[in-house]
Structure formats: C-alpha cells, structure tokens
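*Asks:* Contents are TSV, C-alpha atoms; file name my_file-v9.tsv:
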chain	number	residue	atom	x	y	z
A	22	MET	CA	0.00	0.00	0.00
A	23	LEU	CA	1.29	3.41	-0.90
A	24	LEU	CA	0.74	6.17	1.54
A	25	ASN	CA	0.79	9.78	0.54
A	26	ASP	CA	2.87	12.20	2.55
A	27	VAL	CA	0.09	13.30	4.79
A	28	GLN	CA	-0.89	9.79	5.69
A	29	LEU	CA	2.70	8.83	6.21
A	30	ALA	CA	3.24	11.81	8.45
A	31	ARG	CA	0.23	10.86	10.48
A	32	PHE	CA	1.45	7.32	10.72
A	33	THR	CA	4.88	8.31	11.91
A	34	HIS	CA	3.43	10.80	14.34
A	35	LEU	CA	1.64	8.05	16.12
A	36	LYS	CA	4.83	6.11	16.42
A	37	HIS	CA	6.76	9.09	17.66
A	38	ASN	CA	4.95	9.53	20.90
A	39	MET	CA	7.94	9.90	23.14
A	40	LEU	CA	7.19	8.94	26.69
A	41	PRO	CA	8.14	11.58	29.22
A	42	LEU	CA	9.83	9.01	31.40
A	43	THR	CA	11.83	7.68	28.47
A	44	LEU	CA	13.08	11.17	27.81
A	45	LEU	CA	13.91	11.59	31.46
A	46	LYS	CA	15.87	8.35	31.48
A	47	GLY	CA	17.74	9.51	28.41
A	48	ALA	CA	18.44	12.82	30.07
A	49	GLN	CA	20.54	11.19	32.76
A	50	THR	CA	23.88	12.93	33.35
A	51	THR	CA	22.56	16.13	31.81
A	52	GLN	CA	21.73	19.45	33.37
A	53	MET	CA	18.10	20.19	34.08
A	54	MET	CA	15.80	22.46	36.00
A	55	VAL	CA	13.05	21.02	38.13
A	56	GLU	CA	10.27	23.06	39.59
A	57	LEU	CA	8.29	21.61	42.45
A	58	LYS	CA	4.62	22.14	43.15
A	59	ASN	CA	5.48	24.59	45.89
A	60	GLY	CA	7.47	26.76	43.50
A	61	GLU	CA	10.97	25.84	44.59
A	62	THR	CA	13.33	25.07	41.77
A	63	PHE	CA	16.30	22.76	41.55
A	64	ASN	CA	19.01	23.21	38.95
A	65	GLY	CA	21.28	20.23	38.76
A	66	THR	CA	22.62	17.23	36.94
A	67	LEU	CA	20.36	14.20	36.84
A	68	VAL	CA	22.04	11.16	38.35
A	69	ASN	CA	19.11	8.77	38.36
A	70	CYS	CA	15.37	8.62	38.07
A	71	ASP	CA	12.68	5.97	38.37
A	72	SER	CA	9.24	5.26	37.03
A	73	TRP	CA	7.63	7.55	39.60
A	74	MET	CA	9.73	10.44	38.39
A	75	ASN	CA	11.62	10.45	41.67
A	76	LEU	CA	14.85	12.20	40.88
A	77	ASN	CA	18.37	12.02	42.18
A	78	LEU	CA	20.25	15.16	41.29
A	79	LYS	CA	23.80	16.23	41.94
A	80	ASP	CA	25.51	19.62	42.09
A	81	VAL	CA	22.20	21.26	42.76
A	82	VAL	CA	21.30	24.88	43.18
A	83	CYS	CA	17.99	25.15	45.00
A	84	THR	CA	16.04	28.37	44.61
A	85	SER	CA	13.34	29.32	47.08
A	86	ARG	CA	9.86	30.04	45.78
A	87	ASP	CA	10.25	33.80	45.94
A	88	GLY	CA	13.57	33.58	44.12
A	89	THR	CA	15.53	35.38	46.79
A	90	SER	CA	17.55	32.66	48.46
A	91	PHE	CA	19.75	30.08	46.82
A	92	TYR	CA	21.26	26.96	48.26
A	93	GLN	CA	24.10	24.92	46.90
A	94	MET	CA	23.69	21.18	47.53
A	95	PRO	CA	26.07	18.39	46.56
A	96	GLU	CA	23.14	16.09	45.87
A	97	CYS	CA	19.43	15.92	46.32
A	98	TYR	CA	16.59	13.41	46.15
A	99	VAL	CA	13.31	14.84	44.92
A	100	ARG	CA	10.04	12.96	45.11
A	101	GLY	CA	8.34	12.60	41.78
A	102	ASN	CA	4.83	13.40	42.84
A	103	LEU	CA	5.82	16.90	43.87
A	104	VAL	CA	7.35	17.81	40.54
A	105	LYS	CA	5.51	20.47	38.58
A	106	TYR	CA	7.71	20.42	35.54
A	107	ILE	CA	11.21	19.60	34.37
A	108	ARG	CA	13.08	21.70	31.88
A	109	VAL	CA	15.57	19.79	29.78
A	110	SER	CA	17.95	20.88	27.05
A	111	ASP	CA	16.74	20.66	23.46
A	112	ASP	CA	19.74	18.55	22.45
A	113	ILE	CA	18.74	15.72	24.71
A	114	LEU	CA	15.35	15.58	23.09
A	115	THR	CA	16.75	15.10	19.61
A	116	GLN	CA	19.28	12.65	20.98
A	117	VAL	CA	16.68	10.51	22.68
A	118	SER	CA	14.33	10.53	19.70
A	119	GLU	CA	17.17	9.43	17.44
A	120	GLU	CA	18.04	6.64	19.82
A	121	ALA	CA	14.43	5.58	19.86
A	122	LYS	CA	14.37	5.60	16.07
A	123	LYS	CA	17.48	3.43	15.97
A	124	GLU	CA	15.89	0.98	18.34
A	125	ARG	CA	12.77	0.91	16.27
A	126	THR	CA	14.38	0.06	12.93
A	127	PRO	CA	15.92	-3.36	13.67
A	128	LYS	CA	12.88	-4.19	15.72
A	129	PRO	CA	11.03	-6.75	13.58
A	130	ALA	CA	13.41	-9.54	14.61
A	131	ARG	CA	14.48	-8.55	18.08
A	132	GLY	CA	11.64	-6.52	19.45
A	133	GLY	CA	9.05	-8.95	18.15
A	134	ARG	CA	10.56	-11.84	19.95
A	135	GLY	CA	11.06	-9.85	23.07
A	136	ARG	CA	7.45	-8.94	23.20
A	137	GLY	CA	6.45	-12.51	22.57
A	138	ARG	CA	8.46	-13.72	25.44
A	139	GLY	CA	6.90	-11.16	27.68
A	140	THR	CA	3.38	-12.29	27.02
A	141	PHE	CA	4.41	-15.90	27.39
A	142	GLY	CA	5.80	-15.18	30.80
A	143	ARG	CA	2.71	-13.38	31.87
A	144	GLY	CA	0.47	-16.08	30.54
A	145	ASN	CA	2.46	-18.63	32.39
A	146	ALA	CA	2.05	-16.83	35.66
A	147	GLY	CA	-1.66	-16.73	35.18
A	148	PHE	CA	-1.69	-20.43	34.49
A	149	GLY	CA	0.29	-21.14	37.63
A	150	ARG	CA	-2.02	-19.06	39.67
A	151	GLY	CA	-5.08	-20.79	38.36
A	152	ASN	CA	-3.88	-24.30	38.99
A	153	ASP	CA	-1.47	-24.65	41.81
A	154	ALA	CA	0.11	-22.09	44.02
A	155	GLY	CA	3.31	-24.09	44.03
A	156	ARG	CA	3.80	-24.45	40.29
A	157	GLY	CA	4.75	-21.90	37.71
A	158	ARG	CA	5.03	-19.03	40.07
A	159	GLY	CA	8.75	-19.10	40.65
A	160	GLU	CA	10.06	-17.11	43.56
A	161	ASN	CA	6.78	-16.25	45.19
A	162	ALA	CA	5.48	-19.72	45.12
A	163	ASN	CA	8.60	-20.92	46.80
A	164	ARG	CA	8.23	-18.32	49.43
A	165	GLY	CA	4.71	-19.42	50.08
A	166	GLN	CA	5.74	-23.02	50.43
A	167	GLN	CA	8.60	-22.30	52.69
A	168	ASN	CA	6.48	-20.25	54.95
A	169	GLY	CA	3.84	-22.88	54.94
A	170	ARG	CA	6.29	-25.39	56.30
A	171	GLY	CA	8.30	-23.24	58.63
A	172	ARG	CA	5.37	-21.42	60.08
A	173	GLY	CA	5.87	-18.76	62.67
A	174	ASP	CA	9.58	-18.08	62.53
A	175	SER	CA	8.90	-14.40	62.18
A	176	THR	CA	5.92	-12.10	62.25
A	177	ARG	CA	6.11	-11.50	58.54
A	178	GLY	CA	6.55	-15.19	57.87
A	179	ARG	CA	3.42	-15.92	59.78
A	180	GLY	CA	1.44	-13.43	57.82
A	181	ASP	CA	2.67	-14.85	54.57
A	182	SER	CA	2.09	-18.41	55.56
A	183	GLY	CA	-1.44	-17.60	56.46
A	184	ARG	CA	-1.97	-16.45	52.96
A	185	GLY	CA	-0.09	-19.43	51.61
A	186	ARG	CA	-2.36	-21.88	53.38
A	187	GLY	CA	-5.36	-20.07	52.12
A	188	ASP	CA	-4.05	-20.53	48.63
A	189	ALA	CA	-3.53	-24.22	49.02
A	190	ARG	CA	-7.10	-24.69	50.02
A	191	GLY	CA	-8.56	-22.32	47.55
A	192	ARG	CA	-6.75	-23.71	44.57
A	193	GLY	CA	-8.16	-22.65	41.29
A	194	GLN	CA	-9.73	-19.50	42.63
A	195	SER	CA	-7.22	-17.58	40.69
A	196	SER	CA	-9.00	-14.29	40.43
A	197	GLN	CA	-9.61	-14.00	44.12
A	198	ARG	CA	-6.04	-14.64	45.01
A	199	GLY	CA	-4.78	-12.42	42.30
A	200	ARG	CA	-6.74	-9.56	43.65
A	201	GLY	CA	-5.50	-10.19	47.14
A	202	ARG	CA	-1.91	-10.06	45.98
A	203	GLY	CA	-2.50	-6.96	44.03
A	204	THR	CA	-3.78	-4.94	46.89
A	205	ASN	CA	-1.09	-6.11	49.25
B	23	MET	CA	-4.14	12.85	22.85
B	24	ASP	CA	-2.68	10.78	20.03
B	25	GLU	CA	-3.80	13.31	17.45
B	26	LEU	CA	-2.10	16.14	19.27
B	27	VAL	CA	1.38	14.66	19.03
B	28	ASN	CA	3.71	16.85	16.98
B	29	LYS	CA	1.15	19.64	16.96
B	30	THR	CA	1.35	23.00	18.62
B	31	VAL	CA	-0.67	22.90	21.79
B	32	SER	CA	-1.60	25.34	24.46
B	33	VAL	CA	-1.27	24.06	28.00
B	34	VAL	CA	-2.58	25.71	31.11
B	35	THR	CA	-0.88	24.47	34.23
B	36	SER	CA	-2.39	24.33	37.69
B	37	ASP	CA	-0.33	27.31	38.80
B	38	GLY	CA	-2.05	29.40	36.15
B	39	ARG	CA	0.67	29.54	33.54
B	40	ASN	CA	-0.24	29.44	29.92
B	41	MET	CA	2.34	27.65	27.84
B	42	MET	CA	2.50	26.85	24.18
B	43	GLY	CA	4.72	24.30	22.56
B	44	ILE	CA	4.93	21.29	20.33
B	45	LEU	CA	3.64	18.19	22.02
B	46	GLN	CA	6.25	15.48	21.60
B	47	GLY	CA	4.77	12.84	23.79
B	48	PHE	CA	2.60	11.94	26.71
B	49	ASP	CA	1.88	8.98	28.94
B	50	GLN	CA	-0.87	7.38	31.01
B	51	THR	CA	-0.74	10.00	33.73
B	52	SER	CA	-0.72	12.78	31.11
B	53	ASN	CA	2.83	13.75	31.82
B	54	ILE	CA	3.71	15.61	28.65
B	55	ILE	CA	6.76	16.68	26.71
B	56	LEU	CA	6.66	20.10	25.11
B	57	THR	CA	9.35	21.48	22.86
B	58	GLN	CA	9.91	25.03	21.67
B	59	CYS	CA	7.85	26.01	24.60
B	60	THR	CA	6.82	29.59	25.20
B	61	GLN	CA	5.04	31.04	28.14
B	62	ASN	CA	2.34	33.49	27.22
B	63	VAL	CA	2.09	36.33	29.67
B	64	TYR	CA	-0.72	38.79	29.44
B	65	ILE	CA	0.27	42.04	31.01
B	66	PRO	CA	-2.61	44.46	31.31
B	67	GLY	CA	-1.70	47.82	29.86
B	68	GLN	CA	0.70	46.33	27.39
B	69	ARG	CA	-0.41	46.17	23.79
B	70	GLU	CA	0.92	42.77	22.82
B	71	LEU	CA	1.12	39.59	24.77
B	72	GLU	CA	4.58	38.63	25.85
B	73	GLN	CA	5.95	35.28	24.79
B	74	ILE	CA	8.85	34.06	26.86
B	75	PRO	CA	10.81	31.28	25.19
B	76	LEU	CA	11.44	28.45	27.63
B	77	GLY	CA	12.89	25.53	25.68
B	78	SER	CA	11.88	21.93	26.28
B	79	TYR	CA	9.71	20.88	29.16
B	80	ILE	CA	8.48	17.72	30.80
B	81	ILE	CA	5.31	18.74	32.57
B	82	ARG	CA	3.94	16.43	35.21
B	83	GLY	CA	0.39	15.30	34.57
B	84	THR	CA	-0.87	16.40	37.95
B	85	SER	CA	-0.05	20.00	37.17
B	86	VAL	CA	-1.64	20.02	33.74
B	87	THR	CA	-5.04	21.66	33.75
B	88	PHE	CA	-5.82	21.44	30.09
B	89	ILE	CA	-4.26	20.84	26.70
B	90	GLY	CA	-5.63	22.02	23.41
B	91	GLU	CA	-4.44	22.30	19.86
B	92	VAL	CA	-3.57	25.76	18.68
B	93	ASP	CA	-2.82	27.21	15.28
B	94	GLN	CA	0.02	29.44	16.31
B	95	GLU	CA	-0.23	31.78	13.33
B	96	LYS	CA	-3.93	32.26	13.78
B	97	PHE	CA	-3.43	32.65	17.49
B	98	LEU	CA	-0.90	35.41	17.03
B	99	SER	CA	-3.05	37.13	14.43
B	100	LEU	CA	-5.90	37.23	16.92
B	101	LYS	CA	-4.09	39.96	18.83
B	102	ILE	CA	-5.84	39.32	22.11
B	103	ASP	CA	-5.95	42.42	24.22
B	104	PRO	CA	-3.98	41.57	27.38
B	105	ALA	CA	-6.42	43.70	29.34
B	106	LEU	CA	-9.19	41.29	28.45
B	107	ALA	CA	-7.18	38.20	29.18
B	108	VAL	CA	-7.21	38.41	32.92
B	109	GLY	CA	-4.56	36.26	34.54
B	110	ILE	CA	-5.67	32.79	35.48
B	111	LYS	CA	-5.24	32.17	39.14
B	112	SER	CA	-3.41	29.23	40.60
B	113	ILE	CA	-5.68	26.40	41.67
B	114	ASN	CA	-3.42	25.45	44.50
B	115	ASN	CA	-1.01	27.58	46.37
B	116	ARG	CA	1.05	24.97	48.05
C	25	MET	CA	7.15	-10.06	41.77
C	26	SER	CA	5.97	-6.62	42.78
C	27	GLY	CA	6.97	-4.83	39.63
C	28	ARG	CA	5.83	-1.54	41.05
C	29	LYS	CA	8.68	-1.38	43.52
C	30	PRO	CA	11.99	-0.21	42.20
C	31	ARG	CA	14.61	-2.92	41.98
C	32	GLU	CA	16.98	-0.74	43.89
C	33	ASN	CA	16.80	2.70	45.24
C	34	ILE	CA	17.82	5.43	42.84
C	35	LEU	CA	19.35	7.11	45.81
C	36	ASN	CA	22.20	5.59	47.73
C	37	LEU	CA	21.44	6.44	51.33
C	38	GLU	CA	24.00	3.94	52.59
C	39	LYS	CA	26.74	6.50	52.32
C	40	SER	CA	24.71	9.04	54.26
C	41	LEU	CA	24.17	6.74	57.24
C	42	ASP	CA	25.12	8.42	60.51
C	43	LYS	CA	25.48	11.69	58.64
C	44	GLU	CA	23.23	14.68	58.93
C	45	ILE	CA	20.57	15.10	56.31
C	46	LEU	CA	17.96	17.74	55.67
C	47	ILE	CA	14.43	16.73	54.82
C	48	LYS	CA	11.67	18.96	53.59
C	49	PHE	CA	8.18	17.61	53.97
C	50	ASN	CA	5.09	17.96	51.90
C	51	GLY	CA	3.50	20.70	53.95
C	52	GLY	CA	6.70	22.70	54.12
C	53	ARG	CA	8.21	21.57	57.39
C	54	GLU	CA	11.95	21.19	57.37
C	55	VAL	CA	13.97	19.00	59.67
C	56	ILE	CA	17.59	18.18	60.06
C	57	GLY	CA	18.84	15.00	61.69
C	58	THR	CA	21.28	12.13	61.70
C	59	LEU	CA	20.26	9.37	59.30
C	60	LYS	CA	19.86	6.14	61.25
C	61	GLY	CA	17.88	4.03	58.87
C	62	TYR	CA	15.85	3.88	55.69
C	63	ASP	CA	13.97	1.47	53.48
C	64	SER	CA	13.16	1.04	49.81
C	65	MET	CA	10.19	3.37	50.07
C	66	VAL	CA	12.45	6.07	51.46
C	67	ASN	CA	10.86	5.98	54.88
C	68	ILE	CA	13.57	7.38	57.07
C	69	VAL	CA	14.65	7.21	60.68
C	70	LEU	CA	16.40	10.28	62.01
C	71	ASP	CA	18.10	10.80	65.33
C	72	ASN	CA	18.78	14.10	67.10
C	73	THR	CA	16.18	15.65	64.87
C	74	LYS	CA	15.71	19.39	64.85
C	75	GLU	CA	12.76	21.01	63.20
C	76	PHE	CA	13.11	24.51	61.84
C	77	ILE	CA	10.40	26.75	63.15
C	78	ARG	CA	8.75	28.77	60.44
C	79	ASP	CA	7.70	32.36	60.37
C	80	VAL	CA	4.21	32.88	61.82
C	81	GLU	CA	3.08	35.14	58.96
C	82	ASP	CA	4.83	33.44	56.09
C	83	HIS	CA	5.06	29.69	56.39
C	84	ASN	CA	7.50	29.53	53.54
C	85	LYS	CA	10.09	31.45	55.48
C	86	LEU	CA	12.06	30.13	58.39
C	87	LYS	CA	12.18	31.97	61.65
C	88	TRP	CA	15.41	33.61	62.62
C	89	ALA	CA	16.46	34.93	65.99
C	90	GLN	CA	19.47	36.52	67.58
C	91	ASP	CA	22.19	34.17	68.60
C	92	PRO	CA	22.27	34.20	72.42
C	93	GLU	CA	26.04	33.96	72.39
C	94	ASN	CA	26.70	36.53	69.72
C	95	SER	CA	23.91	39.08	69.40
C	96	ALA	CA	25.19	40.26	66.04
C	97	MET	CA	24.48	36.87	64.54
C	98	LEU	CA	21.14	35.51	63.48
C	99	VAL	CA	20.40	31.84	63.92
C	100	GLN	CA	17.49	29.72	62.83
C	101	VAL	CA	14.99	28.88	65.52
C	102	THR	CA	14.67	25.14	65.97
C	103	ARG	CA	13.03	22.69	68.27
C	104	ASN	CA	14.33	19.28	69.18
C	105	LEU	CA	12.32	16.25	68.19
C	106	GLY	CA	14.72	13.43	69.07
C	107	ILE	CA	14.18	10.22	67.15
C	108	VAL	CA	11.78	10.56	64.27
C	109	VAL	CA	10.38	8.17	61.69
C	110	CYS	CA	9.74	10.09	58.49
C	111	ARG	CA	7.19	8.62	56.15
C	112	GLY	CA	8.47	8.40	52.61
C	113	THR	CA	5.23	9.53	51.01
C	114	SER	CA	5.31	12.90	52.73
C	115	ILE	CA	8.90	13.70	51.91
C	116	MET	CA	9.31	16.41	49.33
C	117	TYR	CA	13.05	16.35	49.02
C	118	LEU	CA	16.08	15.41	51.03
C	119	CYS	CA	19.71	16.31	50.77
C	120	PRO	CA	22.86	15.88	52.85
C	121	VAL	CA	23.64	18.75	55.19
C	122	ASP	CA	27.34	18.46	54.54
C	123	GLY	CA	28.10	20.68	51.58
C	124	THR	CA	24.74	22.43	51.60
C	125	TYR	CA	24.97	26.15	52.18
C	126	GLU	CA	23.30	29.34	51.11
C	127	ILE	CA	24.90	31.13	48.20
C	128	ASN	CA	24.36	34.35	46.30
C	129	ASN	CA	22.27	34.35	43.19
C	130	PRO	CA	24.25	32.23	40.74
C	131	PHE	CA	21.95	33.13	37.84
C	132	ILE	CA	22.53	36.84	38.05
C	133	GLY	CA	22.79	38.36	34.61
C	134	ASP	CA	21.57	35.09	33.19
C	135	GLU	CA	18.34	36.26	31.67
C	136	GLU	CA	17.25	32.83	30.62
C	137	GLU	CA	17.21	31.43	34.10
C	138	GLU	CA	15.16	34.27	35.47
C	139	GLU	CA	12.43	33.09	37.80
C	140	GLN	CA	8.88	33.43	36.57
Go through the file and emit its structure as structure tokens.

*Replies:*
Amino acid sequence: MLLNDVQLARFTHLKHNMLPLTLLKGAQTTQMMVELKNGETFNGTLVNCDSWMNLNLKDVVCTSRDGTSFYQMPECYVRGNLVKYIRVSDDILTQVSEEAKKERTPKPARGGRGRGRGTFGRGNAGFGRGNDAGRGRGENANRGQQNGRGRGDSTRGRGDSGRGRGDARGRGQSSQRGRGRGTN
Amino acid sequence: MDELVNKTVSVVTSDGRNMMGILQGFDQTSNIILTQCTQNVYIPGQRELEQIPLGSYIIRGTSVTFIGEVDQEKFLSLKIDPALAVGIKSINNR
Amino acid sequence: MSGRKPRENILNLEKSLDKEILIKFNGGREVIGTLKGYDSMVNIVLDNTKEFIRDVEDHNKLKWAQDPENSAMLVQVTRNLGIVVCRGTSIMYLCPVDGTYEINNPFIGDEEEEEQ
C-alpha cells in the first residue's frame, strides 16, 4: 500500500509519541531544571530517576519560591509526585528521539521476539495461579511453600504463611487470590 | 491525545501559567513533553502579549489543567488584548 | 514479583548513614537529623532531629532569631524532636547537610534562568 505524505506523516506521528519518562531516562547525566509544586526550583545534573519520576540530582542549586535565596547542595533526592515540571535541554530531546528511532528500525526480529516472550511469561504466571500455588510461580510460590512449612519463625513469615495456606485450600480460585496479591 | 502529538498545543498548568509548545509525547498519567515552549504572559496595559521562550519541558500530569491544539499563526493574528485576558489564578497555592 | 517497587533505590542512602541530612516535607516543614535508617520506600529514621520553626506570617520562610552567644548573629529557631520516623510519602526532598549552604544568586545576569 502506498501512503501519501500526509498519511505517512500521520502514521509516523503516532509512532513518535515519546514517553516523558523515556526522555527523562535519556536525560541522565545532563543538566536540568526542576520546579516543584510549591514553587521551589532545583538546577542540577540528573544522576538517576525511576518510574515515579523520583529524581536524584547532583551539584544542585535550589532556589526558594520567591527567588531570593539560593542553596548549593552536593546532591538531592526529589520525590516525583511533587514535581511540577522539568526543563531539559533541546539537544537531549533530539538525541533521545534518534536513539528511539534506531531501536525501532531493527525491531522486527528482536523486538518482536522480546514482546512474545513477555506475554508468554505473563500467561504462564496466570496459568500457575489458576492451577497450583506451588507451580509456575517461581520465587513467590517458593516463598509461600517455605512459609507454609516453617510457620511462625517471624511475624512476617506468619502473615505470609497464612496467605499461603489459604491458597492451598482455595486452589483454582485464581482471580480472588490475584486480587489479594494486588492490593497487598 | 494521540492526534495532538507533533502539533502545537496550548497548555494551562495548575499554577495558572499558559504555555505553548509542540507536544512530543505523553503517557498514562498525562505527563507531557513540550518542545519550543513559550510562556504566554498577558500584562494588562501592554499592547501585545509577551511570549517568553522556555525551551523543552516535561510537565507532570498532575499539574496540567488542560491541553488544546492551537494554530500558532492564527493565534498570534488574533491579537488578544492583554487587558481582556485576565490572569488565570493558581488552583493550588502549596 | 511486585513490579511496582523499584529494583533498587535510585538514591544511595547507605553513604549518608550516621550523617546529617535535611528533609523537607510535603507541607513545608523542614527538619535536620542524623540518618539512622531507611527502606526502599524512602521511609527514614532520624536521630537528634531538629525542626526549623517557620515564620508565623509566612510559612515559607524560616524563623530567625538573635544568637544568644553573639547578638550580632542571626540563627534559625529550631526545636528538638529526638528520634523521628519520616514517612516516605510525605517527603518532598532530602539532601545531605554536609556541603549544603546558602549562596548568592548564581543566575545573576543570566536572563534565561530568570524566575517566573
């Protein structure tokens, strides 16, 4: 199928949705300015960030909300949920989008398989949950079993074992257990 | 939001700022990336609105009030009287 | 299993153990204390904690008073809290005290960095 320019542009646009957190990850080791909800700003180099947008900055200059006092800090940890916005350099944006493009091009072979594996893994977990708490769950299942046997060696162990026993009895009630895990 | 990617958008943040930029991306929590961002400041008494260039921004979803597509040329040709465009107040003064 | 928890903390608090850190909380309170413990959710245990008292009129400003030993000096008013467990969810930011100090405007003449 031949696409005209407009259609092609639209098509590529959809694929070019750059995720803010991807950009932030790519902006590691670069200078940025972070403004918090309360109006304080932090100018510093990003050391690390996570999926909650929690930031670890170094060589920071913190500016108070009225812009009158300034603090030099060697490093700083900022909680993501209090960020209002982050200002990054334009270069990093082009850099990250090019990297993303590069990753996208050889994707058919690599990315496809990767994705496949992912769904397989997830499917497997679901299967394990539905049938037997001990099988197909890997680490967690083991934990449950261990706790089931060695009940009461610690407060946390007891709590877990309680759940583990419940599972053994309620085998096959996958959805119920799944929900329980999720909320915990 | 998909249709807004790579378009010029106007964003009002919860602290009452009015920004304009090209939407590069967004995610589930409506964190957004804006490039070539400008902040539009309406100063009463001044003839034209002031556009402060700001560069690239990642704006956290919680502080985004609204996003809308804007035709920048048309917008600038509108010549909104700053006196009419009363400043939007912050919705939280934390 | 819990994919929502970070594999490891993005912040290495290990090296700050038994050192003084400054924490600012969600509502604006600021404390300083010796880091005694932490967990993956950045809940923090502080010892010898001092809270900075804030200005009555402007809660964003800290309260200053004359130094009893040297009346020409101003010192921040604090109160002692002792051992404190700080909940991670209400922490706004934290930084080590060592190396943190007030400086003059470093952006002066730098039009681009002008606030607001």

*Asks:* Between C:Ile45, C:Val55, C:Val69, C:Ile127, which one has atoms that come closest to Val108 of chain C, using all atoms listed in the file?

*Replies:* C:Val69

*Asks:* Residues of chain B that have any atom at most 12 Å from an atom of chain C: could you tabulate them with the shortest-distance atom pair and the distance in Å to one decimal, using only C-alpha atoms, ordered by chain and increasing number, as CSV?

*Replies:*
residue,atom,partner,partner_atom,distance
B:Asp37,CA,C:Gln140,CA,11.3
B:Gly38,CA,C:Gln140,CA,11.7
B:Arg39,CA,C:Gln140,CA,9.6
B:Asn40,CA,C:Gln140,CA,12.0
B:Gln61,CA,C:Gln140,CA,9.6
B:Asn62,CA,C:Gln140,CA,11.4
B:Val63,CA,C:Gln140,CA,10.1
B:Ile74,CA,C:Glu136,CA,9.3
B:Pro75,CA,C:Glu136,CA,8.6
B:Leu76,CA,C:Glu136,CA,7.9
B:Gly77,CA,C:Glu136,CA,9.8
B:Asn115,CA,C:Gly51,CA,11.2
B:Arg116,CA,C:Gly51,CA,7.7

*Asks:* Can you measure atom CA of Ile68 of chain C to atom CA of Thr62 of chain A for me? One decimal in Å is fine.

*Replies:*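 Separating atom CA of Ile68 of chain C from atom CA of Thr62 of chain A is a distance of 23.4 Å.
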
*Asks:* Using all atoms listed in the file, select each residue of chain A with any atom at most 10 Å away from an atom of chain C, and give the selection as a ChimeraX atom specification.

*Replies:* /A:54,57-60,62,64,68-73,75-104,158-161,202-203,205

*Asks:* Give the residues of chain A that lie within 12 Å of chain B; count only C-alpha atoms, and format the answer as a ChimeraX atom specification.

*Replies:* /A:30-46,48,53-61,72-75,86,101-115,117-118

*Asks:* Grab the atom CA of Gln94 of chain B to atom CA of Val33 of chain B distance for me, in Å with one decimal place.

*Replies:*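 Rounded to one decimal, the two atoms are 12.9 Å apart.
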
*Asks:* Record the distance separating atom CA of Tyr62 of chain C and atom CA of Gly47 of chain A, expressed in Å with one decimal.

*Replies:*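 Answer for the atom CA of Tyr62 of chain C to atom CA of Gly47 of chain A separation: 27.9 Å.
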
*Asks:* Render segment 46-80 of chain B from the structure in the preceding block as a file of C-alpha atoms, as a PDB file, in the first residue's frame.

*Replies:*
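The result, written out as out30.pdb:
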ATOM      1  CA  GLN B  46       6.249  15.479  21.599  1.00  0.00           C
ATOM      2  CA  GLY B  47       4.769  12.838  23.794  1.00  0.00           C
ATOM      3  CA  PHE B  48       2.597  11.945  26.715  1.00  0.00           C
ATOM      4  CA  ASP B  49       1.880   8.981  28.940  1.00  0.00           C
ATOM      5  CA  GLN B  50      -0.874   7.384  31.005  1.00  0.00           C
ATOM      6  CA  THR B  51      -0.744   9.996  33.726  1.00  0.00           C
ATOM      7  CA  SER B  52      -0.720  12.776  31.105  1.00  0.00           C
ATOM      8  CA  ASN B  53       2.828  13.748  31.818  1.00  0.00           C
ATOM      9  CA  ILE B  54       3.707  15.609  28.648  1.00  0.00           C
ATOM     10  CA  ILE B  55       6.764  16.685  26.708  1.00  0.00           C
ATOM     11  CA  LEU B  56       6.659  20.102  25.111  1.00  0.00           C
ATOM     12  CA  THR B  57       9.348  21.484  22.857  1.00  0.00           C
ATOM     13  CA  GLN B  58       9.912  25.025  21.671  1.00  0.00           C
ATOM     14  CA  CYS B  59       7.853  26.006  24.603  1.00  0.00           C
ATOM     15  CA  THR B  60       6.823  29.587  25.197  1.00  0.00           C
ATOM     16  CA  GLN B  61       5.043  31.039  28.140  1.00  0.00           C
ATOM     17  CA  ASN B  62       2.341  33.494  27.218  1.00  0.00           C
ATOM     18  CA  VAL B  63       2.085  36.329  29.667  1.00  0.00           C
ATOM     19  CA  TYR B  64      -0.716  38.791  29.438  1.00  0.00           C
ATOM     20  CA  ILE B  65       0.271  42.040  31.015  1.00  0.00           C
ATOM     21  CA  PRO B  66      -2.613  44.465  31.313  1.00  0.00           C
ATOM     22  CA  GLY B  67      -1.697  47.819  29.856  1.00  0.00           C
ATOM     23  CA  GLN B  68       0.697  46.326  27.390  1.00  0.00           C
ATOM     24  CA  ARG B  69      -0.409  46.175  23.790  1.00  0.00           C
ATOM     25  CA  GLU B  70       0.923  42.767  22.824  1.00  0.00           C
ATOM     26  CA  LEU B  71       1.116  39.591  24.767  1.00  0.00           C
ATOM     27  CA  GLU B  72       4.585  38.632  25.850  1.00  0.00           C
ATOM     28  CA  GLN B  73       5.952  35.282  24.795  1.00  0.00           C
ATOM     29  CA  ILE B  74       8.849  34.062  26.858  1.00  0.00           C
ATOM     30  CA  PRO B  75      10.813  31.279  25.190  1.00  0.00           C
ATOM     31  CA  LEU B  76      11.438  28.454  27.635  1.00  0.00           C
ATOM     32  CA  GLY B  77      12.895  25.534  25.676  1.00  0.00           C
ATOM     33  CA  SER B  78      11.877  21.930  26.282  1.00  0.00           C
ATOM     34  CA  TYR B  79       9.709  20.880  29.164  1.00  0.00           C
ATOM     35  CA  ILE B  80       8.480  17.716  30.799  1.00  0.00           C
TER      36      ILE B  80
END
